[in-house]
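To start, the structure itself, in structure tokens.
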Amino acid sequence: MGPRFENKKVLVTGAGRGFGAVLAKAFAEEGADVAVHYNSSSAGADEVAASIEAMGRKAMTVQANIASLEQVQAAAKKVFDEFGHIDVLVNNVGDMALDQTSWREFDQKVIDHTLDVDIKGTMYMIHEIGIRMIEGPGGNIVNIGSQVVIAGSPRAPQYAAAKYAVIGLTKSYARALAPSVRVNTLGAAFMETEALKNRHDWKNGRREEILKQTPLARIATPEDMVGPTLFLAADESRHMTGQFLLCNGGLAMVGA
């Protein structure tokens with residue numbers, strides 16, 4: 001078998017740093033040309049694009065605040081004008097309300113921002129890229145969700161609500177864009193990105209608490225989530241759409 005994404009065109013949101021950057025380079029290693037989306041991490045996006053080009057693949061960067069429909073539409077046009085089509089969209093961007101330490105910190109601006117980015121932003125991206133996919137050869141959309149939809153979040157309830165909404169968007173667009181476009185969500189575990197490592201509760205006992213509850217006895221790295229994401233984007237999962245794939249080291253186990 002050759003590279004799974006040979007000559008495919010992939011767009012990864014939030015790819016200027018963290019998990020998005022790891023994903024973008026992983027797709028390139030599998031043969032893809034990659035559009036590296038960012039909002040504020042322009043230097044990081046340029047570095048990721050340079051790494052992809054060093055692999056012999058094509059790369060481009062595109063800036064947009066995904067909570068703005070106008071900016072998403074402009075970004076979608078730029079990517080399709082440059083690449084012609086997109087085979088895979090990975091909606092990686094999400095706001096976790098990292099600075100919030102308790103549900104008692106009830107701040108409308110923080111709540112609105114989380115819902116705008118995680119719900120509206122994801123919907124805008126699915127809609128604008130998906131509608132172009134069905135007008136062409138089709139494609140795959142993978143949303144990066146969270147196991148928080150199972151456990152809930154007493155720290156930031158709006159984050160759990162937003163990620164639950166992503167499941168609703170996944171199911172709805174899986175039907176709307178069928179049969180030429182598949183839409184699935186990865187239920188990711190805690191990933192030790194720099195953002196998580198710097199979170200107040202993570203540095204004050206939360207990490208140890210999660211470790212005790214995780215059967216595989218380790219906290220995931222971004223690299224641990226690459227395989228399941230690529231699986232959902234690849235032909236191996238060709239009979240899956242509208243699904244939520246949990247990858248959390250056994251921290252939560254749901255019934256059939």
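Identifiers in the structure tokens: chain A, B, ... in order shown; residue index from 1 per chain; ligand index from 1 in order shown.
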Would you write out, as JSON lines, a table of all residues in segment 158-202 of chain A that have an atom no more than 7 Å from an atom of segment 110-133 of chain A, listing for each the closest atom pair and the distance in Å to one decimal, considering only C-alpha atoms and ordering rows by chain and rising residue number?
```
{"residue": "A:Gln158", "atom": "CA", "partner": "A:Ile111", "partner_atom": "CA", "distance": 6.1}
{"residue": "A:Tyr159", "atom": "CA", "partner": "A:Thr114", "partner_atom": "CA", "distance": 6.5}
{"residue": "A:Ala162", "atom": "CA", "partner": "A:Leu115", "partner_atom": "CA", "distance": 5.7}
{"residue": "A:Lys163", "atom": "CA", "partner": "A:Asp118", "partner_atom": "CA", "distance": 6.9}
{"residue": "A:Ala165", "atom": "CA", "partner": "A:Ile119", "partner_atom": "CA", "distance": 6.4}
{"residue": "A:Val166", "atom": "CA", "partner": "A:Ile119", "partner_atom": "CA", "distance": 6.3}
{"residue": "A:Leu169", "atom": "CA", "partner": "A:Met123", "partner_atom": "CA", "distance": 6.8}
{"residue": "A:Leu177", "atom": "CA", "partner": "A:Gly130", "partner_atom": "CA", "distance": 6.9}
```
With a distance cut-off of 9 Å and only C-alpha atoms, select the neighbouring residues of segment 224-232 of chain A, excluding the residue or stretch itself and same-chain residues fewer than 3 positions from it, and output the selection as a PDB file with C-alpha atoms, in the first residue's frame.
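As written to disk, around-v3.pdb reads:
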```
ATOM      1  CA  ARG A   4      -3.158   6.912   1.907  1.00  0.00           C
ATOM      2  CA  PHE A  19      -2.564  19.240  17.397  1.00  0.00           C
ATOM      3  CA  VAL A  22       0.919  17.768  14.022  1.00  0.00           C
ATOM      4  CA  LEU A  23      -2.052  16.700  11.884  1.00  0.00           C
ATOM      5  CA  ALA A  26       0.983  13.849   9.224  1.00  0.00           C
ATOM      6  CA  PHE A  27      -1.272  14.262   6.192  1.00  0.00           C
ATOM      7  CA  VAL A  90     -10.397  18.545   9.486  1.00  0.00           C
ATOM      8  CA  ASN A 140     -14.480  13.623   3.906  1.00  0.00           C
ATOM      9  CA  ILE A 141     -14.999  15.912   6.880  1.00  0.00           C
ATOM     10  CA  VAL A 142     -13.592  15.059  10.298  1.00  0.00           C
ATOM     11  CA  ASN A 143     -14.561  17.144  13.300  1.00  0.00           C
ATOM     12  CA  ILE A 144     -12.324  17.034  16.345  1.00  0.00           C
ATOM     13  CA  VAL A 183     -18.868  13.523   8.085  1.00  0.00           C
ATOM     14  CA  ASN A 184     -17.585  12.031  11.350  1.00  0.00           C
ATOM     15  CA  THR A 185     -16.318  13.233  14.718  1.00  0.00           C
ATOM     16  CA  LEU A 186     -13.363  12.057  16.770  1.00  0.00           C
ATOM     17  CA  ALA A 188     -10.627  12.980  21.616  1.00  0.00           C
ATOM     18  CA  ALA A 189      -9.236  12.552  25.093  1.00  0.00           C
ATOM     19  CA  MET A 191      -4.114  15.773  24.850  1.00  0.00           C
ATOM     20  CA  ALA A 220      -2.470  11.146  25.245  1.00  0.00           C
ATOM     21  CA  THR A 221      -0.030  13.127  23.160  1.00  0.00           C
ATOM     22  CA  ASP A 235     -10.847   4.966   2.661  1.00  0.00           C
ATOM     23  CA  GLU A 236     -10.605   2.419   5.500  1.00  0.00           C
ATOM     24  CA  SER A 237     -13.618   4.113   7.118  1.00  0.00           C
ATOM     25  CA  ARG A 238     -15.562   4.373   3.851  1.00  0.00           C
ATOM     26  CA  MET A 240     -18.776   5.267   8.329  1.00  0.00           C
ATOM     27  CA  THR A 241     -20.636   8.562   8.384  1.00  0.00           C
ATOM     28  CA  LEU A 245     -15.360   7.641  17.424  1.00  0.00           C
ATOM     29  CA  CYS A 247     -10.354   7.665  21.604  1.00  0.00           C
TER      30      CYS A 247
END
```
Give me the residues near Ala28 of chain A as a list in words, where near means some atom within 7 Å (using only C-alpha atoms) and where sequence neighbours in that chain fewer than 4 positions away do not count.
Ala24, Ala32, Asp33, Val34, Ile52 and Arg57 of chain A
Next, dump the selected residues to file, keeping only N, CA and C atoms, as a tab-separated table (two decimals), in the first residue's frame.
```tsv
chain	number	residue	atom	x	y	z
A	24	ALA	N	-1.46	18.39	10.27
A	24	ALA	CA	-1.13	18.88	8.93
A	24	ALA	C	0.11	18.18	8.38
A	32	ALA	N	-0.31	14.05	1.06
A	32	ALA	CA	-1.27	15.11	0.76
A	32	ALA	C	-0.63	16.47	0.59
A	33	ASP	N	-1.27	17.31	-0.23
A	33	ASP	CA	-1.01	18.74	-0.24
A	33	ASP	C	-1.92	19.34	0.82
A	34	VAL	N	-1.43	20.30	1.58
A	34	VAL	CA	-2.17	20.76	2.76
A	34	VAL	C	-2.35	22.27	2.80
A	52	ILE	N	5.99	21.13	5.32
A	52	ILE	CA	5.25	20.33	4.34
A	52	ILE	C	5.93	20.41	2.97
A	57	ARG	N	5.67	18.20	-0.82
A	57	ARG	CA	4.24	18.41	-1.04
A	57	ARG	C	3.95	19.90	-1.17
```
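Using only C-alpha atoms, the shortest contact distance between Phe80 of chain A and any of A:Thr214, A:Leu196, A:Ala156, A:Met60 is found at A:Met60.
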Write out as a short mmCIF file (atom, residue, chain, number, x, y, z; two decimals) with C-alpha atoms, in the first residue's frame the set of residues from segment 7-120 of chain A that DSSP, computed on the backbone, places in strand (DSSP E).
```cif
data_model
loop_
_atom_site.label_atom_id
_atom_site.label_comp_id
_atom_site.auth_asym_id
_atom_site.auth_seq_id
_atom_site.Cartn_x
_atom_site.Cartn_y
_atom_site.Cartn_z
CA LYS A 9 -5.92 18.04 -0.98
CA VAL A 10 -6.42 18.54 2.76
CA LEU A 11 -7.48 21.56 4.80
CA VAL A 12 -6.73 21.52 8.53
CA ASP A 33 -1.01 18.74 -0.24
CA VAL A 34 -2.17 20.76 2.76
CA ALA A 35 -3.90 24.07 3.33
CA VAL A 36 -2.76 25.29 6.75
CA HIS A 37 -5.45 27.43 8.38
CA TYR A 38 -4.71 29.79 11.25
CA ALA A 59 1.28 23.86 1.04
CA MET A 60 -0.58 27.10 1.47
CA THR A 61 -1.62 29.16 4.47
CA VAL A 62 -5.01 30.76 4.93
CA GLN A 63 -6.15 33.08 7.70
CA VAL A 88 -10.48 16.25 3.37
CA LEU A 89 -11.45 18.93 5.86
CA VAL A 90 -10.40 18.55 9.49
CA ASN A 91 -12.20 20.92 11.83
#
```
Please identify all polymer residues within 12 Å of Glu194 of chain A, counting only C-alpha atoms, omitting same-chain residues fewer than 2 positions from it, and present them as a ChimeraX atom specification.
/A:17-19,98,190-192,196-199,202-203,221-222
Using C-alpha atoms, can you export the residues from the last selection as an mmCIF file, in the first residue's frame?
```
data_model
loop_
_atom_site.group_PDB
_atom_site.id
_atom_site.type_symbol
_atom_site.label_atom_id
_atom_site.label_comp_id
_atom_site.auth_asym_id
_atom_site.auth_seq_id
_atom_site.Cartn_x
_atom_site.Cartn_y
_atom_site.Cartn_z
ATOM 1 C CA ARG A 17 0.299 25.129 16.392
ATOM 2 C CA GLY A 18 -0.618 22.218 18.665
ATOM 3 C CA PHE A 19 -2.564 19.240 17.397
ATOM 4 C CA LEU A 98 -8.832 27.406 29.172
ATOM 5 C CA PHE A 190 -7.149 15.018 27.028
ATOM 6 C CA MET A 191 -4.114 15.773 24.850
ATOM 7 C CA GLU A 192 -1.010 17.175 26.485
ATOM 8 C CA LEU A 196 -3.379 21.923 28.441
ATOM 9 C CA LYS A 197 -0.082 21.798 30.327
ATOM 10 C CA ASN A 198 -0.474 25.461 31.214
ATOM 11 C CA ARG A 199 -4.055 25.129 32.481
ATOM 12 C CA TRP A 202 -4.025 20.624 35.136
ATOM 13 C CA LYS A 203 -1.045 21.875 37.128
ATOM 14 C CA THR A 221 -0.030 13.127 23.160
ATOM 15 C CA PRO A 222 -1.215 14.847 19.969
#
```
Can you pull out every residue from segment 2-217 of chain A that DSSP, working from the backbone, puts in helix (DSSP H, G or I), and format the result as a ChimeraX atom specification?
/A:18-29,42-54,69-83,108-134,148-151,157-176,194-197,202-204,206-213
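Considering only C-alpha atoms, the residue among A:Asn7, A:Thr13, A:Gln108, A:Asn248 positioned nearest to Glu30 of chain A is A:Asn7.
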Using only C-alpha atoms, which residues sit within 12 Å of Ser102 of chain A once same-chain residues fewer than 5 positions away are excluded, as a VMD selection string?
chain A and resid 97 107 153 to 158 200 to 201
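Using only C-alpha atoms for every distance, the candidate list A:Asn204, A:Ser146, A:Ser41, A:Gln71 yields A:Ser146 as the residue closest to Ile167 of chain A.
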For Ala15 of chain A, which of A:Asp81, A:Val93, A:Ala74, A:Ile86 is the closest residue, counting only C-alpha atoms?
A:Val93
Can you work out the spacing between atom CA of Asp95 of chain A and atom CA of Asn39 of chain A in Å, to one decimal?
12.4 Å
